[in-house]
Every structure is written in structure tokens, then in C-alpha cells.
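**Q** This is work36.cif (mmCIF, C-alpha atoms).
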data_model
#
loop_
_atom_site.label_atom_id
_atom_site.label_comp_id
_atom_site.auth_asym_id
_atom_site.auth_seq_id
_atom_site.Cartn_x
_atom_site.Cartn_y
_atom_site.Cartn_z
CA MET Z 22 2.36 -7.22 38.95
CA LYS Z 23 2.09 -7.36 35.20
CA LYS Z 24 4.89 -9.04 33.33
CA LYS Z 25 6.71 -6.81 30.91
CA LYS Z 26 6.08 -7.76 27.38
CA GLY Z 27 9.24 -8.70 25.57
CA ARG Z 28 10.20 -7.22 22.25
CA PRO Z 29 7.97 -8.85 19.63
CA TYR Z 30 9.65 -11.14 17.13
CA GLU Z 31 10.38 -9.43 13.83
CA LEU Z 32 9.83 -12.86 12.36
CA GLN Z 33 7.66 -15.36 14.16
CA PRO Z 34 8.98 -18.95 14.36
CA SER Z 35 5.91 -20.06 12.42
CA GLU Z 36 6.79 -17.60 9.63
CA LEU Z 37 10.35 -18.88 9.42
CA GLU Z 38 9.03 -22.43 9.29
CA LYS Z 39 6.74 -21.45 6.43
CA PHE Z 40 9.68 -20.08 4.42
CA THR Z 41 12.01 -23.03 5.12
CA SER Z 42 9.33 -25.60 4.34
CA LYS Z 43 8.86 -23.86 1.00
CA TYR Z 44 12.51 -23.26 0.07
CA GLY Z 45 14.48 -25.73 2.19
CA ASP Z 46 15.86 -25.85 5.72
CA LYS Z 47 19.23 -24.38 4.72
CA ASN Z 48 17.52 -21.13 3.72
CA ASN Z 49 16.96 -20.11 7.32
CA LYS Z 50 18.68 -16.74 7.63
CA VAL Z 51 16.29 -14.76 9.82
CA ARG Z 52 17.62 -11.29 8.91
CA ALA Z 53 17.10 -12.03 5.23
CA TRP Z 54 13.52 -13.22 5.72
CA VAL Z 55 12.78 -10.16 7.87
CA PHE Z 56 13.95 -8.01 4.95
CA VAL Z 57 11.71 -10.04 2.61
CA LYS Z 58 8.71 -9.73 4.92
CA ASN Z 59 9.13 -5.96 5.30
CA SER Z 60 9.73 -5.50 1.56
CA ILE Z 61 6.50 -7.28 0.68
CA LYS Z 62 4.63 -5.24 3.28
CA SER Z 63 6.03 -1.95 1.95
CA GLY Z 64 5.35 -2.87 -1.67
CA LEU Z 65 9.02 -2.96 -2.65
CA ILE Z 66 8.67 -6.51 -3.98
CA LYS Z 67 5.88 -8.92 -4.81
CA GLU Z 68 5.34 -12.12 -2.91
CA GLU Z 69 6.29 -14.23 -5.93
CA THR Z 70 9.80 -12.74 -5.86
CA GLU Z 71 10.36 -13.39 -2.14
CA PHE Z 72 13.04 -16.04 -2.67
CA ALA Z 73 14.90 -13.81 -5.14
CA ALA Z 74 14.94 -11.07 -2.48
CA TYR Z 75 16.17 -13.59 0.11
CA LEU Z 76 19.08 -14.61 -2.14
CA LEU Z 77 19.89 -10.99 -2.97
CA TYR Z 78 20.07 -10.12 0.72
CA GLY Z 79 22.41 -13.04 1.34
CA SER Z 80 24.75 -12.07 -1.49
CA CYS Z 81 24.81 -8.40 -0.44
CA GLU Z 82 25.51 -9.36 3.16
CA ALA Z 83 28.33 -11.68 2.07
CA ARG Z 84 29.99 -8.90 0.04
CA ILE Z 85 29.69 -6.31 2.81
CA ASN Z 86 31.09 -8.68 5.45
CA ALA Z 87 33.93 -9.89 3.20
CA ILE Z 88 35.06 -6.30 2.64
CA ARG Z 89 34.51 -5.17 6.22
CA TYR Z 90 36.41 -8.08 7.75
CA LYS Z 91 38.82 -8.58 4.82
CA ALA Z 92 37.84 -12.23 4.89
CA GLN Z 93 39.24 -13.10 1.47
CA LYS Z 94 41.97 -11.69 -0.70
CA PRO Z 95 39.71 -10.59 -3.61
CA TYR Z 96 37.93 -8.20 -1.21
CA ILE Z 97 40.91 -6.54 0.47
CA ASP Z 98 40.86 -2.75 -0.10
CA VAL Z 99 37.74 -3.01 -2.29
CA TYR Z 100 35.39 -0.03 -2.05
CA ILE Z 101 31.71 -0.60 -1.28
CA ASP Z 102 28.98 2.03 -1.25
CA TRP Z 103 26.92 0.42 1.50
CA SER Z 104 27.39 -0.52 5.14
CA ASP Z 105 24.26 -2.66 5.54
CA SER Z 106 22.50 -5.25 3.42
CA ASN Z 107 19.03 -3.69 3.70
CA SER Z 108 20.02 -0.43 2.01
CA MET Z 109 22.09 -2.23 -0.63
CA CYS Z 110 19.17 -4.49 -1.56
CA ARG Z 111 16.69 -1.62 -1.62
CA ASP Z 112 18.95 0.47 -3.86
CA ILE Z 113 19.41 -2.40 -6.31
CA ILE Z 114 15.68 -3.17 -6.51
CA ASN Z 115 14.67 0.51 -6.72
CA HIS Z 116 17.39 1.89 -8.97
CA LYS Z 117 18.61 -1.06 -11.07
CA PRO Z 118 15.42 -2.59 -12.49
CA GLU Z 119 17.27 -4.57 -15.18
CA PHE Z 120 19.54 -6.08 -12.54
CA TRP Z 121 16.55 -7.06 -10.41
CA LYS Z 122 14.66 -8.47 -13.40
CA GLU Z 123 17.64 -10.65 -14.38
CA TRP Z 124 18.16 -11.67 -10.75
CA VAL Z 125 14.56 -12.92 -10.54
CA VAL Z 126 15.03 -14.96 -13.73
CA MET Z 127 18.28 -16.44 -12.41
CA THR Z 128 16.54 -17.31 -9.13
CA GLY Z 129 13.93 -19.25 -11.10
CA LYS Z 130 16.68 -21.24 -12.82
CA PHE Z 131 18.34 -21.81 -9.45
CA ILE Z 132 15.10 -23.33 -8.15
CA GLU Z 133 14.75 -25.44 -11.30
CA SER Z 134 18.27 -26.80 -10.73
CA LYS Z 135 17.15 -27.97 -7.28
CA GLN Z 136 19.28 -25.21 -5.79
CA LYS Z 137 22.64 -26.32 -7.15
CA LEU Z 138 25.36 -23.95 -5.96
CA SER Z 139 26.61 -23.45 -9.52
CA ALA Z 140 23.27 -21.88 -10.52
CA ARG Z 141 22.92 -19.58 -7.51
CA PRO Z 142 22.98 -15.87 -8.45
CA THR Z 143 25.66 -13.64 -6.94
CA VAL Z 144 26.39 -9.91 -6.99
CA ASP Z 145 29.46 -9.38 -9.16
CA ARG Z 146 31.66 -6.42 -10.08
CA LEU Z 147 31.93 -5.33 -13.71
CA SER Z 148 35.26 -3.57 -13.28
CA GLU Z 149 37.90 -5.28 -11.12
CA ASP Z 150 39.29 -1.88 -10.10
CA ARG Z 151 39.24 -1.98 -6.29
CA SER Z 152 38.70 1.77 -6.00
CA VAL Z 153 35.52 1.45 -8.08
CA GLY Z 154 34.37 -1.62 -6.19
CA TYR Z 155 30.72 -2.19 -5.40
CA ARG Z 156 28.68 0.75 -6.64
CA LEU Z 157 25.32 0.66 -8.41
CA GLU Z 158 26.94 1.43 -11.75
CA ASN Z 159 29.54 -1.33 -11.33
CA ILE Z 160 27.52 -4.38 -10.28
CA ALA Z 161 25.73 -7.11 -12.21
CA PRO Z 162 24.16 -10.49 -11.41
CA LEU Z 163 26.26 -13.55 -12.18
CA THR Z 164 25.83 -17.23 -11.38
CA HIS Z 165 28.21 -18.84 -8.92
CA SER Z 166 29.70 -21.04 -11.67
CA ALA Z 167 30.24 -18.07 -13.99
CA ASN Z 168 31.87 -16.19 -11.13
CA SER Z 169 34.24 -19.11 -10.52
CA SER Z 170 35.04 -19.34 -14.24
CA LYS Z 171 35.78 -15.63 -14.25
CA ALA Z 172 38.35 -16.16 -11.50
CA LEU Z 173 39.93 -19.01 -13.47
CA SER Z 174 40.21 -16.78 -16.54
CA LYS Z 175 42.63 -14.35 -14.87
CA SER Z 176 46.20 -14.25 -16.13
CA CYS Z 177 48.87 -16.12 -14.17
CA TYR Z 178 52.63 -16.64 -14.20
CA VAL Z 179 54.40 -19.94 -13.66
CA PHE Z 180 58.00 -19.76 -12.43
CA GLN Z 181 60.39 -22.70 -12.60
CA ILE Z 182 62.33 -22.42 -9.37
CA ASN Z 183 66.05 -23.07 -9.18
CA PHE Z 184 67.09 -23.15 -5.54
CA ASP Z 185 70.47 -21.77 -6.55
CA LEU Z 186 69.20 -18.20 -6.57
CA SER Z 187 72.15 -16.95 -8.60
CA GLY Z 188 70.85 -18.80 -11.65
CA GLN Z 189 68.56 -17.48 -14.38
CA LYS Z 190 64.85 -17.67 -13.65
CA LYS Z 191 62.50 -19.28 -16.17
CA PHE Z 192 58.89 -18.21 -16.25
CA LYS Z 193 55.87 -18.27 -18.52
CA ARG Z 194 52.74 -16.13 -18.60
CA PHE Z 195 49.36 -17.78 -19.16
CA GLN Z 196 46.25 -15.93 -20.23
CA HIS Z 197 44.09 -18.02 -17.92
CA LYS Z 198 44.66 -19.53 -14.49
CA LYS Z 199 43.18 -22.81 -15.71
CA GLU Z 200 45.88 -23.08 -18.39
CA ALA Z 201 48.62 -22.40 -15.84
CA LEU Z 202 47.36 -25.11 -13.50
CA LYS Z 203 47.08 -27.56 -16.39
CA PHE Z 204 50.65 -26.77 -17.50
CA ILE Z 205 52.02 -27.75 -14.08
CA GLY Z 206 49.57 -30.60 -13.65
CA ILE Z 207 48.10 -29.51 -10.33
CA ASN Z 208 44.79 -28.21 -9.04
CA ASN Z 209 45.51 -25.68 -6.35
CA LYS Z 210 45.17 -22.06 -5.30
CA VAL Z 211 47.54 -19.45 -6.66
CA ASP Z 212 49.45 -16.87 -4.60
CA THR Z 213 50.05 -19.25 -1.70
CA GLY Z 214 53.83 -18.86 -1.88
CA LYS Z 215 54.19 -22.64 -1.81
CA ILE Z 216 56.45 -24.42 -4.31
CA PHE Z 217 55.10 -27.46 -6.13
CA GLU Z 218 57.32 -30.32 -7.28
CA VAL Z 219 56.23 -32.01 -10.50
CA ASP Z 220 58.43 -34.58 -12.28
CA GLY Z 221 61.52 -33.41 -10.43
CA LYS Z 222 60.98 -29.74 -11.28
CA HIS Z 223 59.85 -27.04 -8.87
CA TYR Z 224 57.20 -24.48 -9.73
CA LEU Z 225 55.66 -21.38 -8.21
CA ILE Z 226 52.35 -20.09 -9.56
CA GLN Z 227 51.19 -16.51 -9.06
CA SER Z 228 48.45 -14.22 -10.33
CA GLU Z 229 49.50 -11.43 -12.63
CA ALA Z 230 48.50 -8.84 -10.01
CA VAL Z 231 50.92 -10.28 -7.43
CA THR Z 232 53.67 -10.90 -9.99
CA LEU Z 233 53.62 -7.29 -11.20
CA GLY Z 234 53.51 -5.94 -7.65
CA LEU Z 235 49.96 -4.60 -7.94
CA GLU Z 236 48.65 -6.66 -5.02
CA PRO Z 237 50.28 -8.23 -1.95
CA MET Z 238 50.44 -11.99 -1.67
CA GLU Z 239 47.69 -13.44 0.47
CA GLU Z 240 48.69 -14.48 3.99
CA TYR Z 241 48.12 -18.13 4.87
CA ASN Z 242 48.33 -20.06 8.11
CA TYR Z 243 50.17 -23.16 7.00
CA GLU Z 244 49.45 -26.36 8.87
CA ASP Z 245 52.84 -27.88 8.09
CA ASP Z 246 56.26 -26.61 9.17
CA GLU Z 247 57.84 -27.19 5.76
CA GLU Z 248 60.72 -24.91 4.87
CA TYR Z 249 62.63 -24.50 1.64
CA THR Z 250 66.41 -24.19 1.41
CA ALA Z 251 68.19 -22.08 -1.19
CA TRP Z 252 71.58 -20.47 -1.71
CA ILE Z 253 72.08 -16.81 -2.48
CA PRO Z 254 75.41 -15.32 -3.70
CA ILE Z 255 76.92 -12.87 -1.21
CA GLY Z 256 80.38 -12.29 -2.68
CA THR Z 257 83.41 -13.79 -4.42
CA ILE Z 258 86.79 -15.11 -3.33
CA GLU Z 259 89.95 -16.11 -5.18
CA ASP Z 260 91.13 -19.66 -4.49
CA SER Z 261 94.72 -20.95 -4.33
CA ASN Z 262 94.70 -21.57 -8.10
CA GLY Z 263 93.78 -17.97 -8.84
CA GLU Z 264 90.22 -18.83 -9.84
CA THR Z 265 87.28 -16.73 -8.66
CA ARG Z 266 84.71 -18.59 -6.61
CA ILE Z 267 81.25 -17.40 -5.66
CA ILE Z 268 80.44 -17.38 -1.96
CA LYS Z 269 76.86 -18.45 -1.27
CA GLN Z 270 74.79 -18.13 1.88
CA GLU Z 271 72.21 -20.77 2.74
CA ILE Z 272 68.76 -19.35 3.47
CA ARG Z 273 65.56 -21.02 4.67
CA PHE Z 274 62.04 -19.80 4.03
CA PRO Z 275 58.46 -21.15 4.42
CA TYR Z 276 57.11 -19.53 1.23
CA MET Z 277 58.18 -17.14 -1.49
CA SER Z 278 56.91 -14.69 -4.08
CA VAL Z 279 58.43 -13.24 -7.23
CA ILE Z 280 57.89 -9.68 -8.42
CA LEU Z 281 58.90 -8.81 -11.97
CA THR Z 282 60.59 -5.48 -12.62
CA GLU Z 283 59.83 -3.38 -15.69
CA GLN Z 284 62.68 -4.93 -17.70
CA HIS Z 285 61.26 -8.44 -17.23
CA LYS Z 286 57.52 -7.84 -17.69
CA ASN Z 287 57.57 -8.36 -21.43
CA THR Z 288 60.24 -11.06 -21.46
#
Would you give me this structure, written as C-alpha cells?
**A**
Amino acid sequence: MKKKKGRPYELQPSELEKFTSKYGDKNNKVRAWVFVKNSIKSGLIKEETEFAAYLLYGSCEARINAIRYKAQKPYIDVYIDWSDSNSMCRDIINHKPEFWKEWVVMTGKFIESKQKLSARPTVDRLSEDRSVGYRLENIAPLTHSANSSKALSKSCYVFQINFDLSGQKKFKRFQHKKEALKFIGINNKVDTGKIFEVDGKHYLIQSEAVTLGLEPMEEYNYEDDEEYTAWIPIGTIEDSNGETRIIKQEIRFPYMSVILTEQHKNT
């Protein structure tokens, strides 16, 4: 009896070894190299741009998966025109020649940098509007470091927290996240709902989108069981001397967020 032939490899182990020996062991994503191999065969790309195509596939796949699985806050409810990396890559190469040309140049610089993450090209959105999202007309290549800097340039609010919630709230708007973090003297994520103590004062830092109620605060699984205690006024009572006293209720919470109403936005 003849043995059934198994499905042939789309990428032979020897072919994968050839690619990884040329570009490094960490560049071993089989699906991406299959796309590269088929694209060279079909004439979509030239062999000298194979690594650029590999990186493009990886970036497209990362964007699609992040949106599909809502892996990170920046991708929640973001529109994307594609459901698979192959079609997204083909559309970019076929219909956005300037994008592809710049991507190839950036790939060359990435190789020259000995593949430093900061120099790696990524697919970025021009408009941050989530309903526009990832469409051909709204994407551009951007290095990883420039993408990170872009995130740090977003406006943030810093709130000085008084745990007596009946008191007046102090806050300050910063044009850039980096400035807000420097003001507090910390290096941390925003929109975590955690309160930071610096020099005896307590601060909460939020993005403008969360502060103005445009986006929900990101959900975190906190490793610690830390809770904050505050007091909220629930009424008044007159004491034996005829003076009015405020009745306060103790509350406990693991994190918090502040949303500014219209009357406070320009304060």
C-alpha cells in the first residue's frame, strides 16, 4: 500500500533557514516568509525587497490582531479595512507605491542599525479618529521610536487628589504626556486609575481622551490588593451648639478616574 503524501510545506525548513541565516534567528515567522516567497514568485516584489515585505507583513498582522482581539487600549473600537495580513500587504504594495518606497528605505536603515527596535518601520494611522482607522488613505510608515514619541506627545491631565472628596479639585493640562510625567516626577503609564504619591502629595494622571469622557479607562489586572480610602459628603446635621456639620461616608476603591464636565474643560 502506498503511503499518502502529506500536504507539501509552503515553506521548506531549508528555505526558512536560509532567511533566518540572512536576517537573524528572531525573524522566523513562517507565515510572513510564505507571503514573501509567493510575492516574489508572482512578481509583486523583487527579491532585494524581501525583508521589507517580511517586516510589512509582521506589522500588518500585529495591527489586525490587536484590533480583532482588542489587545491594547489604542486599538479598541478602531476600524480596519482588512481581515488578513496577505490582502493588507498586497493592497499597500499595489496601491500605495510611495508608502512601499518609503518602507523599503526605512527597512534599509533598520538593517544598518543592526535591527534596533527604535528603527523598525511600523504601519501608523494619520488620523487618530477610530472610525477612520486603518484604511489605505489613512496609513503611513513610521519608525517604532517615532511612533512612541507620537504617543508621548498626546495631551494629558494631572489631578492633585484630596481624599476628602468634598474639597476643590486641582488639575493641570499638559500639551504632552512627557511633560505631565516630568511634572509629577514619575515614569509610568497613564489611564491606570492608580494614584501616585510624590513628596506627600497624591496625583492621578489621565489622557485627555479619558478625562473628557471620549474614551473609557483601560482595564488592568492589578497584582496588588491596594485600596484607597476617601470620604464623600452625604448630608448635614446640626450639633448641640447649633452649628451645621457635614456628614461624610467612608468609601474604599482600588482605582479611580476623573471626567471633566463642560464647565470645567477650560478651567
**Q** Would you mind telling me which residue in Z:Leu233, Z:Ile61, Z:Ile253, Z:Val219 lies nearest to Ile272 of chain Z when using only C-alpha atoms?
**A**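 Residue with the minimum atom-to-atom distance to Ile272 of chain Z: Z:Ile253.
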**Q** Taking the file as I've supplied it (selection: the PyMOL selection byres ((chain Z and resi 146) around 8)), which residues are included? Please answer as a list in words.
**A** Val144, Asp145, Leu147, Ser148, Glu149, Gly154, Tyr155, Asn159, Ile160 and Ala161 of chain Z
**Q** So which residues touch Ser35 of chain Z within 12 Å, counting all atoms listed in the file, skipping near sequence neighbours fewer than 6 positions away, as an MDAnalysis selection string?
**A** chainID Z and resid 41:42 51
**Q** Dump C-alpha atoms for the selected residues as an mmCIF file, keeping the file's coordinate frame?
**A**
data_model
loop_
_atom_site.group_PDB
_atom_site.id
_atom_site.type_symbol
_atom_site.label_atom_id
_atom_site.label_comp_id
_atom_site.auth_asym_id
_atom_site.auth_seq_id
_atom_site.Cartn_x
_atom_site.Cartn_y
_atom_site.Cartn_z
ATOM 1 C CA THR Z 41 12.010 -23.030 5.120
ATOM 2 C CA SER Z 42 9.330 -25.600 4.340
ATOM 3 C CA VAL Z 51 16.290 -14.760 9.820
#
**Q** Between Z:Trp124, Z:Tyr178, Z:Phe204, Z:Phe40, which is the closest to Ser80 of chain Z once you count only C-alpha atoms?
**A**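 The closest residue to Ser80 of chain Z is Z:Trp124.
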**Q** Could you tell me how far atom CA of Glu264 of chain Z lies from atom CA of Trp252 of chain Z, in Å and to one decimal?
**A** 20.4 Å
**Q** Evaluate the PyMOL selection byres ((chain Z and resi 139) around 6) and record the selected residues as a list of chain:residue names, following the chain and residue labels used in the document.
**A**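 Output from the PyMOL selection byres ((chain Z and resi 139) around 6), applied to this file: Z:Lys137, Z:Leu138, Z:Ala140, Z:Arg141, Z:His165, Z:Ser166.
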**Q** Rounded to one decimal place, report the atom CA of Arg151 of chain Z-atom CA of Asp98 of chain Z distance in Å.
**A**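 Going from atom CA of Arg151 of chain Z over to atom CA of Asp98 of chain Z, I get 6.4 Å.
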**Q** As a list of chain:residue names, please: the residues near segment 99-109 of chain Z (cut-off 7 Å, all atoms listed in the file, same-chain neighbours under 3 positions excluded).
**A**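 Contacts, in chain order: Z:Phe56, Z:Tyr78, Z:Cys81, Z:Glu82, Z:Ile85, Z:Ile88, Z:Tyr96, Z:Asp112, Z:Ile113, Z:Arg151, Z:Ser152, Z:Val153, Z:Gly154, Z:Tyr155, Z:Arg156.
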**Q** Restricting the output to C-alpha atoms, write the selected residues as a PDB file, in the coordinates of the input.
**A**
ATOM      1  CA  PHE Z  56      13.950  -8.010   4.950  1.00  0.00           C
ATOM      2  CA  TYR Z  78      20.070 -10.120   0.720  1.00  0.00           C
ATOM      3  CA  CYS Z  81      24.810  -8.400  -0.440  1.00  0.00           C
ATOM      4  CA  GLU Z  82      25.510  -9.360   3.160  1.00  0.00           C
ATOM      5  CA  ILE Z  85      29.690  -6.310   2.810  1.00  0.00           C
ATOM      6  CA  ILE Z  88      35.060  -6.300   2.640  1.00  0.00           C
ATOM      7  CA  TYR Z  96      37.930  -8.200  -1.210  1.00  0.00           C
ATOM      8  CA  ASP Z 112      18.950   0.470  -3.860  1.00  0.00           C
ATOM      9  CA  ILE Z 113      19.410  -2.400  -6.310  1.00  0.00           C
ATOM     10  CA  ARG Z 151      39.240  -1.980  -6.290  1.00  0.00           C
ATOM     11  CA  SER Z 152      38.700   1.770  -6.000  1.00  0.00           C
ATOM     12  CA  VAL Z 153      35.520   1.450  -8.080  1.00  0.00           C
ATOM     13  CA  GLY Z 154      34.370  -1.620  -6.190  1.00  0.00           C
ATOM     14  CA  TYR Z 155      30.720  -2.190  -5.400  1.00  0.00           C
ATOM     15  CA  ARG Z 156      28.680   0.750  -6.640  1.00  0.00           C
TER      16      ARG Z 156
END
**Q** Applied to the shown file, which residues does the PyMOL selection byres ((chain Z and resi 65-76) around 7) return, written as a VMD selection string?
**A** chain Z and resid 53 to 54 57 60 to 61 63 to 64 77 to 80 124 to 125 128
**Q** May I have the selected residues written with C-alpha atoms, as a PDB file, in the coordinates of the input?
**A**
ATOM      1  CA  ALA Z  53      17.100 -12.030   5.230  1.00  0.00           C
ATOM      2  CA  TRP Z  54      13.520 -13.220   5.720  1.00  0.00           C
ATOM      3  CA  VAL Z  57      11.710 -10.040   2.610  1.00  0.00           C
ATOM      4  CA  SER Z  60       9.730  -5.500   1.560  1.00  0.00           C
ATOM      5  CA  ILE Z  61       6.500  -7.280   0.680  1.00  0.00           C
ATOM      6  CA  SER Z  63       6.030  -1.950   1.950  1.00  0.00           C
ATOM      7  CA  GLY Z  64       5.350  -2.870  -1.670  1.00  0.00           C
ATOM      8  CA  LEU Z  77      19.890 -10.990  -2.970  1.00  0.00           C
ATOM      9  CA  TYR Z  78      20.070 -10.120   0.720  1.00  0.00           C
ATOM     10  CA  GLY Z  79      22.410 -13.040   1.340  1.00  0.00           C
ATOM     11  CA  SER Z  80      24.750 -12.070  -1.490  1.00  0.00           C
ATOM     12  CA  TRP Z 124      18.160 -11.670 -10.750  1.00  0.00           C
ATOM     13  CA  VAL Z 125      14.560 -12.920 -10.540  1.00  0.00           C
ATOM     14  CA  THR Z 128      16.540 -17.310  -9.130  1.00  0.00           C
TER      15      THR Z 128
END
**Q** Have a look at atom CA of Lys215 of chain Z and atom CA of Glu229 of chain Z and let me know their distance in Å, one decimal.
**A**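 One can read the atom CA of Lys215 of chain Z to atom CA of Glu229 of chain Z distance as 16.3 Å.
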**Q** Tell me which protein, DNA and RNA residues are within 6 Å of Thr143 of chain Z, counting all atoms listed in the file, leaving out same-chain ones fewer than 3 positions away, and put them as a PDB file with C-alpha atoms, in the frame of the given file.
**A**
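Contents of selection-v8.pdb, freshly written:
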ATOM      1  CA  SER Z  80      24.750 -12.070  -1.490  1.00  0.00           C
ATOM      2  CA  PRO Z 162      24.160 -10.490 -11.410  1.00  0.00           C
ATOM      3  CA  LEU Z 163      26.260 -13.550 -12.180  1.00  0.00           C
ATOM      4  CA  THR Z 164      25.830 -17.230 -11.380  1.00  0.00           C
TER       5      THR Z 164
END
**Q** Check the smallest atom-to-atom distance from each of Z:Ile268, Z:Cys110, Z:Ile207, Z:Leu202 to Gly256 of chain Z using only C-alpha atoms, then report the winner.
**A** Z:Ile268
